[in-house]
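Asker: So I've got this file, data22.tsv, and it contains TSV, C-alpha atoms and all ligand atoms:
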chain	number	residue	atom	x	y	z
A	29	MET	CA	90.25	297.00	10.96
A	30	SER	CA	92.46	294.38	12.55
A	31	GLY	CA	91.33	290.90	13.35
A	32	PHE	CA	92.07	287.22	12.95
A	33	SER	CA	90.52	283.94	11.94
A	34	THR	CA	91.11	280.54	13.48
A	35	PRO	CA	89.46	277.18	14.07
A	36	ALA	CA	88.34	276.99	17.69
A	37	ILE	CA	86.48	274.76	20.15
A	38	LEU	CA	83.80	276.41	22.30
A	39	LEU	CA	84.64	275.64	25.94
A	40	ARG	CA	82.34	277.96	27.90
A	41	ARG	CA	79.51	280.35	27.21
A	42	ILE	CA	77.88	282.88	29.55
A	43	ASN	CA	75.18	285.51	29.07
A	44	HIS	CA	76.35	289.10	29.12
A	45	GLY	CA	73.53	291.58	29.61
A	46	ASP	CA	70.35	291.03	27.67
A	47	HIS	CA	71.82	290.62	24.23
A	48	ASP	CA	75.40	289.44	24.22
A	49	LEU	CA	77.26	286.21	24.86
A	50	ILE	CA	80.78	285.97	26.24
A	51	MET	CA	82.55	282.80	25.25
A	52	THR	CA	85.81	281.10	26.04
A	53	PHE	CA	87.29	279.37	23.02
A	54	PHE	CA	90.24	277.04	22.70
A	55	SER	CA	91.60	278.26	19.40
A	56	ARG	CA	94.17	276.39	17.37
A	57	GLU	CA	96.19	279.50	16.55
A	58	LYS	CA	95.99	281.51	19.79
A	59	GLY	CA	95.22	279.09	22.60
A	60	ARG	CA	92.51	280.17	25.05
A	61	ILE	CA	90.72	283.33	23.96
A	62	PRO	CA	87.70	285.25	25.21
A	63	VAL	CA	85.27	286.32	22.46
A	64	ILE	CA	82.14	288.42	22.69
A	65	ALA	CA	79.23	287.83	20.32
A	66	LYS	CA	77.19	291.01	20.24
A	67	ASN	CA	73.45	290.67	19.84
A	68	ALA	CA	73.85	286.91	19.64
A	69	LYS	CA	70.80	286.40	21.86
A	70	LYS	CA	68.65	289.04	20.20
A	71	SER	CA	69.31	288.14	16.61
A	72	ARG	CA	69.16	284.36	16.71
A	73	LYS	CA	69.52	284.04	12.97
A	74	ARG	CA	73.02	285.40	12.91
A	75	PHE	CA	74.77	282.57	14.72
A	76	SER	CA	71.84	280.19	14.74
A	77	GLY	CA	72.69	276.87	16.39
A	78	LEU	CA	76.42	277.48	16.05
A	79	LEU	CA	77.44	278.72	19.49
A	80	GLU	CA	76.89	275.43	21.33
A	81	PRO	CA	79.36	273.87	23.78
A	82	PHE	CA	82.08	271.66	22.23
A	83	THR	CA	81.36	272.70	18.62
A	84	VAL	CA	84.38	273.36	16.45
A	85	LEU	CA	83.95	276.59	14.52
A	86	GLU	CA	85.97	278.63	12.08
A	87	LEU	CA	85.91	282.04	13.76
A	88	VAL	CA	86.41	285.44	12.21
A	89	CYS	CA	86.99	288.05	14.90
A	90	ARG	CA	87.59	291.77	14.96
A	91	THR	CA	90.06	293.14	17.48
A	92	PRO	CA	88.95	296.47	18.97
A	93	ARG	CA	91.51	299.19	18.27
A	94	ARG	CA	91.57	300.27	21.91
A	95	GLY	CA	92.08	296.75	23.16
A	96	GLY	CA	89.57	294.55	24.90
A	97	MET	CA	87.83	291.38	23.96
A	98	PRO	CA	87.78	290.19	20.32
A	99	VAL	CA	84.34	290.60	18.74
A	100	LEU	CA	82.87	287.71	16.79
A	101	GLN	CA	82.12	288.71	13.21
A	102	GLU	CA	81.46	285.38	11.54
A	103	ALA	CA	81.35	281.73	12.58
A	104	ALA	CA	81.19	278.68	10.33
A	105	MET	CA	80.55	275.15	11.57
A	106	GLN	CA	83.44	272.70	11.21
A	107	MET	CA	82.29	269.93	13.57
A	108	PRO	CA	78.96	270.06	15.44
A	109	PHE	CA	79.64	267.06	17.74
A	110	ALA	CA	75.89	266.87	18.39
A	111	GLY	CA	76.28	263.26	19.55
A	112	ILE	CA	77.91	264.58	22.73
A	113	ARG	CA	75.25	267.14	23.66
A	114	GLY	CA	72.51	264.55	23.12
A	115	ASP	CA	73.95	262.31	25.86
A	116	VAL	CA	74.11	263.34	29.54
A	117	LEU	CA	77.18	261.26	30.43
A	118	LYS	CA	79.14	262.34	27.35
A	119	THR	CA	78.19	265.97	28.02
A	120	LEU	CA	79.52	265.72	31.59
A	121	TYR	CA	82.82	264.19	30.50
A	122	ALA	CA	83.27	266.87	27.82
A	123	SER	CA	82.32	269.57	30.38
A	124	TYR	CA	84.99	268.26	32.73
A	125	TRP	CA	87.65	268.36	29.98
A	126	ALA	CA	86.52	271.87	29.00
A	127	GLU	CA	86.64	273.11	32.60
A	128	LEU	CA	90.06	271.53	33.07
A	129	LEU	CA	91.35	273.32	29.97
A	130	CYS	CA	89.72	276.65	30.90
A	131	GLY	CA	91.65	276.54	34.16
A	132	TRP	CA	94.97	275.35	32.78
A	133	LEU	CA	95.40	277.09	29.40
A	134	GLU	CA	96.89	280.55	29.37
A	135	GLU	CA	95.22	283.25	27.33
A	136	TYR	CA	96.80	283.83	23.91
A	137	ARG	CA	99.35	281.05	24.35
A	138	PRO	CA	98.97	278.48	21.55
A	139	GLN	CA	98.91	274.82	22.60
A	140	GLN	CA	98.42	273.06	19.29
A	141	LYS	CA	99.12	269.52	20.53
A	142	ILE	CA	96.60	269.91	23.34
A	143	TYR	CA	94.15	271.45	20.86
A	144	ARG	CA	94.50	268.35	18.68
A	145	LEU	CA	94.04	266.13	21.74
A	146	MET	CA	90.78	267.88	22.68
A	147	TYR	CA	89.58	267.73	19.07
A	148	TYR	CA	90.20	263.98	18.75
A	149	ALA	CA	88.83	263.21	22.20
A	150	LEU	CA	85.57	265.02	21.38
A	151	ARG	CA	85.44	263.38	17.98
A	152	GLY	CA	86.05	259.94	19.45
A	153	MET	CA	83.31	260.45	22.01
A	154	ASP	CA	80.90	261.89	19.45
A	155	ARG	CA	81.40	258.79	17.28
A	156	SER	CA	81.55	256.36	20.23
A	157	LEU	CA	85.00	255.07	19.18
A	158	ALA	CA	85.53	254.17	22.85
A	159	ALA	CA	83.33	254.20	25.96
A	160	PRO	CA	83.16	257.69	27.53
A	161	GLY	CA	85.13	256.52	30.59
A	162	GLU	CA	87.89	255.06	28.40
A	163	MET	CA	88.02	258.24	26.34
A	164	SER	CA	88.32	260.28	29.53
A	165	ILE	CA	91.24	258.19	30.78
A	166	ILE	CA	92.94	258.65	27.42
A	167	PHE	CA	92.26	262.41	27.46
A	168	GLN	CA	93.61	262.87	30.98
A	169	VAL	CA	96.73	260.72	30.51
A	170	ARG	CA	97.59	262.43	27.23
A	171	PHE	CA	96.81	265.87	28.68
A	172	LEU	CA	99.17	265.28	31.61
A	173	THR	CA	101.87	264.08	29.21
A	174	LEU	CA	101.56	267.09	26.87
A	175	ALA	CA	101.33	269.48	29.84
A	176	GLY	CA	104.59	268.05	31.23
A	177	ILE	CA	103.06	266.81	34.49
A	178	ALA	CA	102.58	263.12	33.67
A	179	PRO	CA	102.97	260.62	36.52
A	180	ARG	CA	106.06	258.47	36.28
A	181	MET	CA	104.96	254.95	35.33
A	182	ASP	CA	108.11	253.02	34.42
A	183	GLY	CA	109.64	252.74	37.89
A	184	CYS	CA	109.40	253.72	41.55
A	185	VAL	CA	109.73	257.50	42.02
A	186	VAL	CA	111.63	256.92	45.29
A	187	CYS	CA	114.10	254.06	44.66
A	188	ASN	CA	113.94	253.73	40.84
A	189	ALA	CA	113.03	250.01	40.99
A	190	PRO	CA	111.68	249.11	37.55
A	191	VAL	CA	107.94	248.49	37.44
A	192	ASP	CA	108.34	244.92	36.15
A	193	ARG	CA	110.12	243.88	39.37
A	194	MET	CA	107.48	245.21	41.73
A	195	GLY	CA	105.34	242.07	41.81
A	196	PRO	CA	101.63	241.89	41.07
A	197	LYS	CA	100.33	243.45	44.32
A	198	GLY	CA	103.06	245.85	45.25
A	199	VAL	CA	102.35	248.96	43.20
A	200	PHE	CA	100.92	252.29	44.40
A	201	LEU	CA	100.24	255.60	42.74
A	202	ASP	CA	101.44	258.48	44.88
A	203	LEU	CA	99.81	261.80	43.97
A	204	GLU	CA	102.24	263.94	45.92
A	205	LYS	CA	105.39	262.23	44.63
A	206	GLY	CA	104.00	262.26	41.10
A	207	GLY	CA	104.21	258.63	40.10
A	208	ILE	CA	104.23	255.01	41.11
A	209	VAL	CA	105.87	253.78	44.29
A	210	CYS	CA	106.98	250.24	45.13
A	211	ASN	CA	105.78	248.25	48.14
A	212	GLY	CA	109.01	248.82	50.08
A	213	CYS	CA	108.93	252.61	49.63
A	214	ALA	CA	105.22	252.77	50.42
A	215	ALA	CA	105.69	251.72	54.03
A	216	SER	CA	104.41	254.90	55.66
A	217	GLU	CA	100.72	255.79	55.44
A	218	THR	CA	99.69	258.76	53.36
A	219	ARG	CA	96.35	259.97	52.12
A	220	THR	CA	97.69	260.81	48.71
A	221	ARG	CA	98.50	257.23	47.74
A	222	MET	CA	96.36	254.51	46.20
A	223	ARG	CA	96.98	250.89	45.36
A	224	ILE	CA	96.95	250.20	41.64
A	225	ALA	CA	97.28	246.94	39.69
A	226	LEU	CA	100.42	246.36	37.65
A	227	GLY	CA	98.22	245.70	34.60
A	228	THR	CA	96.58	249.13	34.99
A	229	VAL	CA	99.97	250.85	35.24
A	230	LYS	CA	101.08	249.14	32.02
A	231	GLN	CA	97.95	250.17	30.15
A	232	LEU	CA	98.24	253.78	31.35
A	233	ALA	CA	101.95	253.81	30.42
A	234	TRP	CA	101.07	252.62	26.93
A	235	ILE	CA	98.57	255.48	26.55
A	236	GLN	CA	101.27	257.91	27.76
A	237	GLU	CA	103.62	256.81	25.02
A	238	ASN	CA	101.24	256.82	22.07
A	239	GLU	CA	99.20	259.48	20.27
A	240	ILE	CA	95.46	259.64	20.75
A	241	ARG	CA	94.73	258.53	17.16
A	242	LYS	CA	96.45	255.26	17.94
A	243	VAL	CA	95.10	254.68	21.43
A	244	GLN	CA	91.45	255.66	21.00
A	245	ARG	CA	90.50	252.21	19.75
A	246	LEU	CA	92.12	250.60	22.76
A	247	ARG	CA	89.89	248.46	24.96
A	248	LEU	CA	90.90	248.67	28.61
A	249	THR	CA	90.27	245.74	30.92
A	250	ALA	CA	87.46	246.25	33.47
A	251	VAL	CA	90.01	246.65	36.28
A	252	ALA	CA	92.08	249.18	34.31
A	253	LEU	CA	88.94	251.16	33.44
A	254	ARG	CA	87.85	251.39	37.09
A	255	GLU	CA	91.32	252.03	38.52
A	256	GLY	CA	92.38	254.28	35.65
A	257	LEU	CA	89.40	256.61	36.20
A	258	LEU	CA	89.98	256.69	39.96
A	259	ALA	CA	93.69	257.37	39.48
A	260	MET	CA	93.36	260.08	36.83
A	261	GLU	CA	90.43	261.83	38.48
A	262	ALA	CA	92.56	262.06	41.64
A	263	PHE	CA	95.87	262.90	39.98
A	264	VAL	CA	94.60	265.64	37.65
A	265	PRO	CA	92.78	267.76	40.30
A	266	TYR	CA	95.67	267.24	42.74
A	267	HIS	CA	98.11	268.75	40.26
A	268	LEU	CA	95.72	271.47	39.07
A	269	GLY	CA	95.15	272.50	42.67
A	270	ARG	CA	91.36	272.24	42.56
A	271	VAL	CA	88.52	269.84	41.75
A	272	PRO	CA	86.52	271.01	38.71
A	273	ARG	CA	82.82	271.43	39.56
A	274	SER	CA	81.76	269.35	36.55
A	275	LEU	CA	83.93	266.46	37.79
A	276	ARG	CA	81.97	266.37	41.07
A	277	VAL	CA	78.69	266.29	39.13
A	278	LEU	CA	80.04	263.56	36.86
A	279	GLN	CA	81.14	261.43	39.81
A	280	GLN	CA	77.74	261.86	41.48
A	281	LEU	CA	75.95	260.78	38.33
A	282	ARG	CA	78.16	257.71	37.90
A	283	ARG	CA	77.39	256.60	41.47
A	284	CYS	CA	73.63	256.61	40.74
B	301	ZN	ZN	110.72	252.06	45.70
How would this structure read if it were set down as structure tokens?
Ligand SMILES: [Zn+2]

Answerer:
Amino acid sequence: MSGFSTPAILLRRINHGDHDLIMTFFSREKGRIPVIAKNAKKSRKRFSGLLEPFTVLELVCRTPRRGGMPVLQEAAMQMPFAGIRGDVLKTLYASYWAELLCGWLEEYRPQQKIYRLMYYALRGMDRSLAAPGEMSIIFQVRFLTLAGIAPRMDGCVVCNAPVDRMGPKGVFLDLEKGGIVCNGCAASETRTRMRIALGTVKQLAWIQENEIRKVQRLRLTAVALREGLLAMEAFVPYHLGRVPRSLRVLQQLRRC
């Protein structure tokens, strides 16, 4: 019998027939993988309380000889992150990150740095190391950096003017051009551009350059928190090519 074991974060779970669950895991060793848990709904004892969203599990899977989805044999809890599922706002942020990863990760392609990012972002939110909005800015900025699609923050993407010489009110984030644009280059109107404070750009740039373990105790200013969320929640869907459903729900809830 062939198979594998790996730590993995549960991203998505759907019912399959009357008895089985099909799950999408972000595994440390294999990247995104689909896993079926047979009789998981019928025999609740077997995986009791383990197969919950955002939990980190040590999986043991069997690979069917004729191909097809790996079958879950055993699961052991590594991190329950119950503090996330007990809080609506935290659950929505984590759902957004999970949906983003489900769409972006390729099956069976390991992404260990992004795995670590997701792990520490969930851990930080579970333990309230930062406010959920701050943690989400950090997650998105670091994700974009590790995925190789980070916005340019150190200078104008059109004329290369360094950010420090742009003046306090003359900075824009241009989604289409993929970075900040100076006042002079932002003359024409476009719907994919937003004004952003120099202070916000500097705080986002600092997050870009440093690992999550260092930045998760950062306290953003109120302006950077508001603008950073707006900027990232526009930039990420623009470059993924779609708006995750859970992000719409999250934004609706925040408006209430
Ligand atoms: Zn410029």

Asker: Hey, which residues come within 8 Å of ligand ZN 301 (chain B) if we count only C-alpha atoms and all ligand atoms? Could you give them as a compact mmCIF listing (two decimals) with C-alpha atoms, keeping the file's coordinate frame?

Answerer:
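Produced file selection21.txt, reproduced below:
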# COMPACT_ATOMS: atom_id res chain seq x y z
CA GLY A 183 109.64 252.74 37.89
CA CYS A 184 109.40 253.72 41.55
CA VAL A 185 109.73 257.50 42.02
CA VAL A 186 111.63 256.92 45.29
CA CYS A 187 114.10 254.06 44.66
CA ASN A 188 113.94 253.73 40.84
CA ALA A 189 113.03 250.01 40.99
CA VAL A 209 105.87 253.78 44.29
CA CYS A 210 106.98 250.24 45.13
CA ASN A 211 105.78 248.25 48.14
CA GLY A 212 109.01 248.82 50.08
CA CYS A 213 108.93 252.61 49.63
CA ALA A 214 105.22 252.77 50.42

Asker: Could you give me, as a VMD selection string, the residues within 10 Å of region 192-208 of chain A, counting all atoms listed in the file and dropping anything in the same chain fewer than 5 positions from it?

Answerer: chain A and resid 177 to 186 213 to 214 218 to 227 229 to 230 259 to 260 262 to 267

Asker: Which residue out of A:Val271, A:Ala158, A:Leu172, A:Ala233 has the minimum interatomic distance to Leu246 (chain A) when all atoms listed in the file are used?

Answerer: A:Ala158

Asker: Measuring atom to atom with all atoms listed in the file, identify which of A:Gln279, A:Gln236, A:Gln101, A:Ser274 is nearest to Thr173 (chain A).

Answerer: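 Ranking A:Gln279, A:Gln236, A:Gln101, A:Ser274 by distance to Thr173 (chain A), first place goes to A:Gln236.
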
Asker: Could you tell me how far CA of Lys58 (chain A) sits from CA of Asn43 (chain A), in Å to one decimal place?

Answerer: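 Going from CA of Asn43 (chain A) over to CA of Lys58 (chain A) covers 23.1 Å.
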
Asker: Please provide the set of residues having any atom within 10 Å of Arg254 (chain A), restricted to only C-alpha atoms, with same-chain residues fewer than 5 positions apart removed, written as a list in words.

Answerer: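 Result of the neighbour search: Gly161, Glu162, Ile165, Thr228, Leu248, Thr249 and Ala259 of chain A.
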
Asker: Which one is closest to Gly77 (chain A): A:Cys89, A:Arg94, A:Ala110, A:Tyr147? Count only C-alpha atoms.

Answerer: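 Once distances to Gly77 (chain A) are computed over only C-alpha atoms, the minimum belongs to A:Ala110.
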
Asker: If you measure from CA of Leu117 (chain A) to CA of Leu78 (chain A), what distance in Å do you get, rounded to one decimal?

Answerer: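 Separation of CA of Leu117 (chain A) and CA of Leu78 (chain A): 21.7 Å.
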
Asker: Could you pull the residues within 10 Å of Cys130 (chain A), counting all atoms listed in the file, minus those fewer than 3 positions along the same chain, as an MDAnalysis selection string?

Answerer: chainID A and resid 39:40 52:54 60:61 124:127 133:135

Asker: Looking at A:Pro138, A:Gly131, A:Gly176, A:Gly152, which one is nearest to Ile240 (chain A), with distances taken over all atoms listed in the file?

Answerer: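 Closest residue, counting all atoms listed in the file: A:Gly152.
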
Asker: Could you work out how far CA of Ser164 (chain A) lies from CA of Gln231 (chain A), giving the answer in Å with one decimal?

Answerer: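 Those two atoms sit 14.0 Å apart.
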
Asker: Neighbouring residues of Arg155 (chain A) were defined as those with any atom within 12 Å, considering all atoms listed in the file; residues of the same chain fewer than 2 positions away were excluded. Please report them as a ChimeraX atom specification.

Answerer: /A:107-112,115,118,148-153,157-160,163,244-245
